[in-house]
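Q: Compact mmCIF, C-alpha atoms and all ligand atoms, saved as work.txt, coming up:
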# COMPACT_ATOMS: atom_id res chain seq x y z
CA MET A 10 1.56 27.63 -6.11
CA ALA A 11 5.15 27.99 -5.01
CA ILE A 12 8.50 26.35 -5.56
CA LEU A 13 9.72 25.25 -2.13
CA PRO A 14 13.37 24.84 -1.04
CA ILE A 15 14.47 21.18 -1.16
CA VAL A 16 16.12 19.72 1.94
CA GLU A 17 19.44 18.02 1.07
CA VAL A 18 21.70 15.52 2.85
CA PRO A 19 23.11 15.62 5.47
CA ASP A 20 20.21 17.74 6.85
CA PRO A 21 18.90 15.82 9.90
CA ARG A 22 15.27 16.53 8.88
CA LEU A 23 15.67 13.78 6.25
CA LYS A 24 15.94 11.26 9.13
CA THR A 25 12.46 12.18 10.44
CA VAL A 26 9.74 9.54 10.49
CA SER A 27 6.74 11.31 8.93
CA THR A 28 3.30 11.16 10.56
CA PRO A 29 0.04 10.10 8.86
CA VAL A 30 -2.35 12.66 7.40
CA ASP A 31 -5.52 12.62 9.56
CA ALA A 32 -7.76 14.42 7.07
CA VAL A 33 -7.14 15.47 3.48
CA THR A 34 -7.94 19.19 3.47
CA ASP A 35 -7.45 22.24 1.25
CA GLU A 36 -4.19 22.80 3.11
CA THR A 37 -3.06 19.28 2.11
CA ARG A 38 -4.00 20.00 -1.52
CA LYS A 39 -2.08 23.28 -1.46
CA LEU A 40 1.02 21.48 -0.18
CA ILE A 41 0.59 18.83 -2.91
CA ALA A 42 0.35 21.52 -5.62
CA ASP A 43 3.52 23.15 -4.28
CA MET A 44 5.27 19.76 -4.15
CA PHE A 45 4.42 19.11 -7.82
CA GLU A 46 5.65 22.55 -8.83
CA THR A 47 8.88 22.01 -6.87
CA MET A 48 9.39 18.53 -8.36
CA TYR A 49 8.77 19.62 -11.98
CA ASP A 50 11.06 22.62 -11.54
CA ALA A 51 13.96 20.57 -10.09
CA PRO A 52 13.32 18.46 -12.29
CA GLY A 53 12.59 15.12 -10.66
CA ILE A 54 10.13 12.22 -10.91
CA GLY A 55 9.21 11.89 -7.22
CA LEU A 56 9.15 13.95 -4.04
CA ALA A 57 8.21 13.25 -0.42
CA ALA A 58 6.83 16.01 1.82
CA ILE A 59 9.79 15.73 4.21
CA GLN A 60 12.03 16.78 1.28
CA VAL A 61 10.38 20.20 1.52
CA GLY A 62 10.56 20.06 5.33
CA VAL A 63 7.01 18.82 6.04
CA PRO A 64 6.98 15.58 8.10
CA LYS A 65 3.69 14.24 6.68
CA ARG A 66 3.12 10.96 4.83
CA ILE A 67 2.53 12.56 1.41
CA LEU A 68 4.31 11.70 -1.88
CA VAL A 69 4.02 12.99 -5.40
CA ILE A 70 5.27 11.05 -8.42
CA ASP A 71 5.25 11.76 -12.15
CA LEU A 72 7.40 9.44 -14.26
CA GLN A 73 6.59 11.41 -17.44
CA GLU A 74 7.44 8.30 -19.49
CA GLU A 75 5.30 9.25 -22.48
CA GLU A 76 6.14 12.02 -24.90
CA ASP A 77 3.90 14.04 -27.21
CA GLU A 78 4.57 14.50 -30.95
CA GLU A 79 7.03 17.31 -30.22
CA GLY A 80 9.00 15.17 -27.77
CA ASN A 81 7.73 17.00 -24.70
CA PRO A 82 6.96 14.82 -21.68
CA ILE A 83 3.26 14.17 -21.07
CA LYS A 84 2.35 14.82 -17.44
CA ASP A 85 1.00 11.89 -15.42
CA PRO A 86 0.82 13.25 -11.85
CA ARG A 87 0.14 10.76 -9.05
CA VAL A 88 -0.47 11.54 -5.39
CA PHE A 89 0.03 9.02 -2.57
CA ILE A 90 -1.19 9.96 0.93
CA ASN A 91 -0.55 7.54 3.84
CA PRO A 92 0.74 4.87 1.40
CA GLU A 93 1.19 1.25 2.51
CA LEU A 94 2.92 -1.61 0.73
CA ILE A 95 1.55 -5.14 0.73
CA ASP A 96 3.01 -8.33 -0.66
CA PRO A 97 6.31 -7.24 -2.26
CA SER A 98 7.49 -9.68 -4.96
CA GLU A 99 10.42 -11.99 -4.26
CA GLU A 100 11.75 -11.01 -7.64
CA LEU A 101 14.04 -7.99 -7.36
CA ARG A 102 14.88 -5.25 -9.83
CA THR A 103 17.95 -3.03 -9.90
CA TYR A 104 17.60 0.58 -10.90
CA GLU A 105 20.12 3.39 -10.91
CA GLU A 106 18.43 5.73 -8.43
CA GLY A 107 18.93 9.39 -7.77
CA CYS A 108 17.25 11.79 -5.35
CA LEU A 109 16.58 15.53 -5.27
CA SER A 110 17.99 15.50 -1.71
CA VAL A 111 21.27 13.96 -2.97
CA PRO A 112 21.73 16.12 -6.08
CA ASP A 113 23.44 14.66 -9.16
CA GLN A 114 24.47 11.44 -7.42
CA PHE A 115 23.30 8.02 -8.61
CA ALA A 116 23.68 4.44 -7.42
CA ASP A 117 22.27 1.00 -8.27
CA ILE A 118 19.66 -0.04 -5.69
CA GLU A 119 17.86 -3.38 -5.60
CA ARG A 120 14.19 -3.51 -4.55
CA PRO A 121 11.18 -5.80 -5.04
CA ASP A 122 10.09 -5.63 -8.69
CA SER A 123 6.38 -5.38 -7.91
CA VAL A 124 4.30 -4.40 -4.89
CA THR A 125 0.66 -3.87 -4.04
CA ALA A 126 0.14 -0.34 -2.78
CA ARG A 127 -2.76 1.11 -0.83
CA TRP A 128 -3.10 4.89 -0.48
CA LEU A 129 -5.41 7.90 -0.38
CA ASP A 130 -5.55 10.42 -3.21
CA GLU A 131 -5.89 14.21 -2.92
CA ASN A 132 -9.68 13.82 -2.49
CA GLY A 133 -9.29 11.35 0.37
CA GLU A 134 -10.39 8.40 -1.83
CA GLN A 135 -8.74 5.05 -1.13
CA HIS A 136 -6.91 3.16 -3.88
CA GLU A 137 -5.28 -0.25 -4.11
CA GLU A 138 -3.24 -1.29 -7.12
CA ARG A 139 -0.49 -3.76 -8.07
CA LEU A 140 2.45 -1.70 -9.35
CA ASP A 141 5.61 -2.81 -11.10
CA GLY A 142 8.62 -1.46 -13.00
CA LEU A 143 9.79 2.10 -12.49
CA LEU A 144 6.60 3.14 -10.67
CA ALA A 145 7.12 0.39 -8.06
CA THR A 146 10.79 1.40 -7.68
CA CYS A 147 9.98 5.09 -7.39
CA LEU A 148 7.15 4.52 -4.89
CA GLN A 149 9.43 2.40 -2.67
CA HIS A 150 12.17 5.05 -2.88
CA GLU A 151 9.71 7.79 -1.87
CA MET A 152 8.18 5.64 0.89
CA ASP A 153 11.65 5.20 2.37
CA HIS A 154 11.72 9.00 2.87
CA LEU A 155 8.64 8.65 5.12
CA GLU A 156 10.74 6.42 7.40
CA GLY A 157 13.72 8.78 7.36
CA ILE A 158 15.66 6.66 4.85
CA VAL A 159 17.50 8.06 1.82
CA PHE A 160 18.53 5.72 -1.06
CA ILE A 161 22.22 5.96 -0.19
CA ASP A 162 21.37 4.41 3.20
CA HIS A 163 20.94 1.13 1.27
CA LEU A 164 24.60 1.25 0.19
CA SER A 165 27.58 -0.10 2.14
CA ARG A 166 29.18 2.49 4.40
CA MET A 167 32.14 2.73 2.04
CA LYS A 168 29.98 3.38 -1.03
CA ARG A 169 27.78 5.84 0.87
CA ASN A 170 30.81 7.81 2.04
CA MET A 171 32.08 7.89 -1.55
CA VAL A 172 28.78 9.40 -2.72
CA LEU A 173 28.79 11.96 0.11
CA LYS A 174 32.39 12.94 -0.71
CA LYS A 175 31.52 13.41 -4.39
CA LEU A 176 28.55 15.53 -3.37
CA GLU A 177 30.72 17.67 -1.08
CA LYS A 178 33.24 18.15 -3.89
CA ALA A 179 30.51 19.14 -6.36
CA ARG A 180 29.16 21.67 -3.85
CA ARG A 181 32.63 23.17 -3.33
CA LEU A 182 33.11 23.51 -7.10
CA LYS A 183 29.69 25.16 -7.39
CA ALA A 184 30.53 27.61 -4.58
CA ALA A 185 33.95 28.45 -6.05
NI NI B 201 14.48 10.73 -2.90
Using structure tokens, write down the structure from this file.
Ligand code: NI

A:
Amino acid sequence: MAILPIVEVPDPRLKTVSTPVDAVTDETRKLIADMFETMYDAPGIGLAAIQVGVPKRILVIDLQEEEDEEGNPIKDPRVFINPELIDPSEELRTYEEGCLSVPDQFADIERPDSVTARWLDENGEQHEERLDGLLATCLQHEMDHLEGIVFIDHLSRMKRNMVLKKLEKARRLKAA
């Protein structure tokens, strides 16, 4: 396994529309293992393949909501290959989102509260499940990446520019 470099805004690769996975192979599983390692190291709760420069419709998510007796997060890795969303709820939910490609920046984003998702797992098995709460939010955020959309693209131009300016400033401070 390997920790891969994460692509950050404004890298044009993040605007790529990712292509479906034709067959889930050992190569796919190796990429997935590397994506998990990269995501846990960052740390983050979700990562799309394009965020490590691979334009394939593959996502990994681990909300790590549960903790063990010592307060360490319990891993709950989930893989979504070629995911599709069906029947998003009319009810919306606002969550303060962040993204490993927009480091340390957060903004409130409104999305359907629940969705039915259909996807393949790392063994090529098909799944369909109604998801809600943070998992639904996170899946929709990650699926946006497959269409070349980053969460700040949902903000007004003024708010988006503010986030990008803050990010630029943080990078300058880091480099200084
Ligand atoms: Ni993201």

Q: If we count all atoms listed in the file, what is near stretch 119-132 of chain A at a cut-off of 9 Å, once residues fewer than 4 positions away on the same chain are taken out, given as an NGL selection string?

A: :A and (33-34 or 37-38 or 41 or 87-105 or 136-146 or 148-150 or 163)

Q: Could you report the residues within 12 Å of ligand NI 201 (chain B), using all atoms listed in the file, as a PDB file with C-alpha atoms, keeping the file's coordinate frame?

A:
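Contents of the output file part_22.pdb:
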ATOM      1  CA  ILE A  15      14.470  21.180  -1.160  1.00  0.00           C
ATOM      2  CA  VAL A  16      16.120  19.720   1.940  1.00  0.00           C
ATOM      3  CA  GLU A  17      19.440  18.020   1.070  1.00  0.00           C
ATOM      4  CA  VAL A  18      21.700  15.520   2.850  1.00  0.00           C
ATOM      5  CA  LEU A  23      15.670  13.780   6.250  1.00  0.00           C
ATOM      6  CA  MET A  48       9.390  18.530  -8.360  1.00  0.00           C
ATOM      7  CA  GLY A  53      12.590  15.120 -10.660  1.00  0.00           C
ATOM      8  CA  ILE A  54      10.130  12.220 -10.910  1.00  0.00           C
ATOM      9  CA  GLY A  55       9.210  11.890  -7.220  1.00  0.00           C
ATOM     10  CA  LEU A  56       9.150  13.950  -4.040  1.00  0.00           C
ATOM     11  CA  ALA A  57       8.210  13.250  -0.420  1.00  0.00           C
ATOM     12  CA  ALA A  58       6.830  16.010   1.820  1.00  0.00           C
ATOM     13  CA  ILE A  59       9.790  15.730   4.210  1.00  0.00           C
ATOM     14  CA  GLN A  60      12.030  16.780   1.280  1.00  0.00           C
ATOM     15  CA  VAL A  61      10.380  20.200   1.520  1.00  0.00           C
ATOM     16  CA  LEU A  68       4.310  11.700  -1.880  1.00  0.00           C
ATOM     17  CA  VAL A  69       4.020  12.990  -5.400  1.00  0.00           C
ATOM     18  CA  ILE A  70       5.270  11.050  -8.420  1.00  0.00           C
ATOM     19  CA  GLU A 106      18.430   5.730  -8.430  1.00  0.00           C
ATOM     20  CA  GLY A 107      18.930   9.390  -7.770  1.00  0.00           C
ATOM     21  CA  CYS A 108      17.250  11.790  -5.350  1.00  0.00           C
ATOM     22  CA  LEU A 109      16.580  15.530  -5.270  1.00  0.00           C
ATOM     23  CA  SER A 110      17.990  15.500  -1.710  1.00  0.00           C
ATOM     24  CA  VAL A 111      21.270  13.960  -2.970  1.00  0.00           C
ATOM     25  CA  PRO A 112      21.730  16.120  -6.080  1.00  0.00           C
ATOM     26  CA  ASP A 113      23.440  14.660  -9.160  1.00  0.00           C
ATOM     27  CA  GLN A 114      24.470  11.440  -7.420  1.00  0.00           C
ATOM     28  CA  PHE A 115      23.300   8.020  -8.610  1.00  0.00           C
ATOM     29  CA  THR A 146      10.790   1.400  -7.680  1.00  0.00           C
ATOM     30  CA  CYS A 147       9.980   5.090  -7.390  1.00  0.00           C
ATOM     31  CA  LEU A 148       7.150   4.520  -4.890  1.00  0.00           C
ATOM     32  CA  GLN A 149       9.430   2.400  -2.670  1.00  0.00           C
ATOM     33  CA  HIS A 150      12.170   5.050  -2.880  1.00  0.00           C
ATOM     34  CA  GLU A 151       9.710   7.790  -1.870  1.00  0.00           C
ATOM     35  CA  MET A 152       8.180   5.640   0.890  1.00  0.00           C
ATOM     36  CA  ASP A 153      11.650   5.200   2.370  1.00  0.00           C
ATOM     37  CA  HIS A 154      11.720   9.000   2.870  1.00  0.00           C
ATOM     38  CA  LEU A 155       8.640   8.650   5.120  1.00  0.00           C
ATOM     39  CA  GLU A 156      10.740   6.420   7.400  1.00  0.00           C
ATOM     40  CA  GLY A 157      13.720   8.780   7.360  1.00  0.00           C
ATOM     41  CA  ILE A 158      15.660   6.660   4.850  1.00  0.00           C
ATOM     42  CA  VAL A 159      17.500   8.060   1.820  1.00  0.00           C
ATOM     43  CA  PHE A 160      18.530   5.720  -1.060  1.00  0.00           C
ATOM     44  CA  ILE A 161      22.220   5.960  -0.190  1.00  0.00           C
ATOM     45  CA  ASP A 162      21.370   4.410   3.200  1.00  0.00           C
TER      46      ASP A 162
END

Q: Would you mind telling me which residue in A:Glu79, A:Asp43, A:Glu177, A:Asp31 lies nearest to A:Arg66 when using all atoms listed in the file?

A: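 Among the listed residues, A:Asp31 lies closest to A:Arg66.
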
Q: Nearest residue to A:Ile118 out of A:Arg181, A:Lys39, A:Arg169, A:Lys24, using all atoms listed in the file?

A: A:Arg169

Q: Of the candidates A:Phe45, A:Lys65, A:Gln135, A:Met171, which one gets nearest to A:Lys84 if we count all atoms listed in the file?

A: A:Phe45

Q: Any idea what the distance is between atom CA of A:Pro14 and atom CA of A:Met44?

A: 10.1 Å

Q: Missing atoms in stretch 60-71 of chain A: can you complete it with all heavy atoms, as a PDB file, in the frame of the given file?

A:
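Now in rebuild-v9.pdb:
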ATOM      1  N   GLN A  60      10.981  16.159   2.102  1.00  0.00           N
ATOM      2  CA  GLN A  60      12.030  16.780   1.280  1.00  0.00           C
ATOM      3  C   GLN A  60      11.804  18.289   1.098  1.00  0.00           C
ATOM      4  O   GLN A  60      12.694  18.986   0.632  1.00  0.00           O
ATOM      5  CB  GLN A  60      12.132  16.103  -0.087  1.00  0.00           C
ATOM      6  CG  GLN A  60      12.653  14.669  -0.014  1.00  0.00           C
ATOM      7  CD  GLN A  60      12.754  14.057  -1.386  1.00  0.00           C
ATOM      8  OE1 GLN A  60      11.764  13.537  -1.906  1.00  0.00           O
ATOM      9  NE2 GLN A  60      13.915  14.152  -2.002  1.00  0.00           N
ATOM     10  N   VAL A  61      10.602  18.750   1.453  1.00  0.00           N
ATOM     11  CA  VAL A  61      10.380  20.200   1.520  1.00  0.00           C
ATOM     12  C   VAL A  61      10.131  20.592   2.976  1.00  0.00           C
ATOM     13  O   VAL A  61       9.530  21.636   3.262  1.00  0.00           O
ATOM     14  CB  VAL A  61       9.249  20.676   0.578  1.00  0.00           C
ATOM     15  CG1 VAL A  61       9.682  20.525  -0.869  1.00  0.00           C
ATOM     16  CG2 VAL A  61       7.937  19.937   0.822  1.00  0.00           C
ATOM     17  N   GLY A  62      10.562  19.720   3.905  1.00  0.00           N
ATOM     18  CA  GLY A  62      10.560  20.060   5.330  1.00  0.00           C
ATOM     19  C   GLY A  62       9.256  19.799   6.056  1.00  0.00           C
ATOM     20  O   GLY A  62       9.096  20.223   7.195  1.00  0.00           O
ATOM     21  N   VAL A  63       8.300  19.090   5.403  1.00  0.00           N
ATOM     22  CA  VAL A  63       7.010  18.820   6.040  1.00  0.00           C
ATOM     23  C   VAL A  63       6.932  17.325   6.398  1.00  0.00           C
ATOM     24  O   VAL A  63       6.883  16.479   5.499  1.00  0.00           O
ATOM     25  CB  VAL A  63       5.821  19.198   5.115  1.00  0.00           C
ATOM     26  CG1 VAL A  63       4.493  18.909   5.806  1.00  0.00           C
ATOM     27  CG2 VAL A  63       5.917  20.663   4.694  1.00  0.00           C
ATOM     28  N   PRO A  64       6.935  16.996   7.695  1.00  0.00           N
ATOM     29  CA  PRO A  64       6.980  15.580   8.100  1.00  0.00           C
ATOM     30  C   PRO A  64       5.630  14.883   8.049  1.00  0.00           C
ATOM     31  O   PRO A  64       5.151  14.348   9.036  1.00  0.00           O
ATOM     32  CB  PRO A  64       7.538  15.643   9.523  1.00  0.00           C
ATOM     33  CG  PRO A  64       7.074  16.966  10.042  1.00  0.00           C
ATOM     34  CD  PRO A  64       6.980  17.899   8.865  1.00  0.00           C
ATOM     35  N   LYS A  65       4.997  14.885   6.880  1.00  0.00           N
ATOM     36  CA  LYS A  65       3.690  14.240   6.680  1.00  0.00           C
ATOM     37  C   LYS A  65       3.842  13.148   5.638  1.00  0.00           C
ATOM     38  O   LYS A  65       4.667  13.262   4.723  1.00  0.00           O
ATOM     39  CB  LYS A  65       2.667  15.275   6.194  1.00  0.00           C
ATOM     40  CG  LYS A  65       2.212  16.213   7.291  1.00  0.00           C
ATOM     41  CD  LYS A  65       1.210  15.505   8.183  1.00  0.00           C
ATOM     42  CE  LYS A  65       0.865  16.341   9.419  1.00  0.00           C
ATOM     43  NZ  LYS A  65       0.148  15.518  10.419  1.00  0.00           N
ATOM     44  N   ARG A  66       2.988  12.109   5.741  1.00  0.00           N
ATOM     45  CA  ARG A  66       3.120  10.960   4.830  1.00  0.00           C
ATOM     46  C   ARG A  66       2.411  11.276   3.495  1.00  0.00           C
ATOM     47  O   ARG A  66       1.327  10.782   3.198  1.00  0.00           O
ATOM     48  CB  ARG A  66       2.575   9.692   5.494  1.00  0.00           C
ATOM     49  CG  ARG A  66       3.335   9.389   6.784  1.00  0.00           C
ATOM     50  CD  ARG A  66       2.897   8.109   7.453  1.00  0.00           C
ATOM     51  NE  ARG A  66       3.561   6.931   6.932  1.00  0.00           N
ATOM     52  CZ  ARG A  66       4.769   6.510   7.296  1.00  0.00           C
ATOM     53  NH1 ARG A  66       5.496   7.188   8.160  1.00  0.00           N
ATOM     54  NH2 ARG A  66       5.270   5.425   6.771  1.00  0.00           N
ATOM     55  N   ILE A  67       3.057  12.121   2.709  1.00  0.00           N
ATOM     56  CA  ILE A  67       2.530  12.560   1.410  1.00  0.00           C
ATOM     57  C   ILE A  67       3.655  12.438   0.381  1.00  0.00           C
ATOM     58  O   ILE A  67       4.774  12.901   0.625  1.00  0.00           O
ATOM     59  CB  ILE A  67       2.067  14.028   1.447  1.00  0.00           C
ATOM     60  CG1 ILE A  67       1.003  14.233   2.539  1.00  0.00           C
ATOM     61  CG2 ILE A  67       1.543  14.472   0.078  1.00  0.00           C
ATOM     62  CD1 ILE A  67       0.631  15.695   2.766  1.00  0.00           C
ATOM     63  N   LEU A  68       3.339  11.826  -0.780  1.00  0.00           N
ATOM     64  CA  LEU A  68       4.310  11.700  -1.880  1.00  0.00           C
ATOM     65  C   LEU A  68       3.671  12.169  -3.166  1.00  0.00           C
ATOM     66  O   LEU A  68       2.473  11.965  -3.376  1.00  0.00           O
ATOM     67  CB  LEU A  68       4.686  10.231  -2.109  1.00  0.00           C
ATOM     68  CG  LEU A  68       5.022   9.357  -0.924  1.00  0.00           C
ATOM     69  CD1 LEU A  68       5.176   7.922  -1.402  1.00  0.00           C
ATOM     70  CD2 LEU A  68       6.296   9.842  -0.280  1.00  0.00           C
ATOM     71  N   VAL A  69       4.470  12.745  -4.029  1.00  0.00           N
ATOM     72  CA  VAL A  69       4.020  12.990  -5.400  1.00  0.00           C
ATOM     73  C   VAL A  69       5.006  12.309  -6.347  1.00  0.00           C
ATOM     74  O   VAL A  69       6.206  12.273  -6.081  1.00  0.00           O
ATOM     75  CB  VAL A  69       3.897  14.501  -5.728  1.00  0.00           C
ATOM     76  CG1 VAL A  69       2.868  15.164  -4.821  1.00  0.00           C
ATOM     77  CG2 VAL A  69       5.229  15.223  -5.624  1.00  0.00           C
ATOM     78  N   ILE A  70       4.452  11.744  -7.423  1.00  0.00           N
ATOM     79  CA  ILE A  70       5.270  11.050  -8.420  1.00  0.00           C
ATOM     80  C   ILE A  70       4.738  11.410  -9.800  1.00  0.00           C
ATOM     81  O   ILE A  70       3.515  11.486 -10.001  1.00  0.00           O
ATOM     82  CB  ILE A  70       5.193   9.509  -8.225  1.00  0.00           C
ATOM     83  CG1 ILE A  70       5.909   9.096  -6.926  1.00  0.00           C
ATOM     84  CG2 ILE A  70       5.783   8.763  -9.422  1.00  0.00           C
ATOM     85  CD1 ILE A  70       5.841   7.614  -6.613  1.00  0.00           C
ATOM     86  N   ASP A  71       5.631  11.664 -10.737  1.00  0.00           N
ATOM     87  CA  ASP A  71       5.250  11.760 -12.150  1.00  0.00           C
ATOM     88  C   ASP A  71       6.431  11.257 -12.964  1.00  0.00           C
ATOM     89  O   ASP A  71       7.444  11.939 -13.091  1.00  0.00           O
ATOM     90  CB  ASP A  71       4.894  13.197 -12.535  1.00  0.00           C
ATOM     91  CG  ASP A  71       4.272  13.251 -13.925  1.00  0.00           C
ATOM     92  OD1 ASP A  71       4.489  12.279 -14.703  1.00  0.00           O
ATOM     93  OD2 ASP A  71       3.592  14.229 -14.241  1.00  0.00           O
TER      94      ASP A  71
END
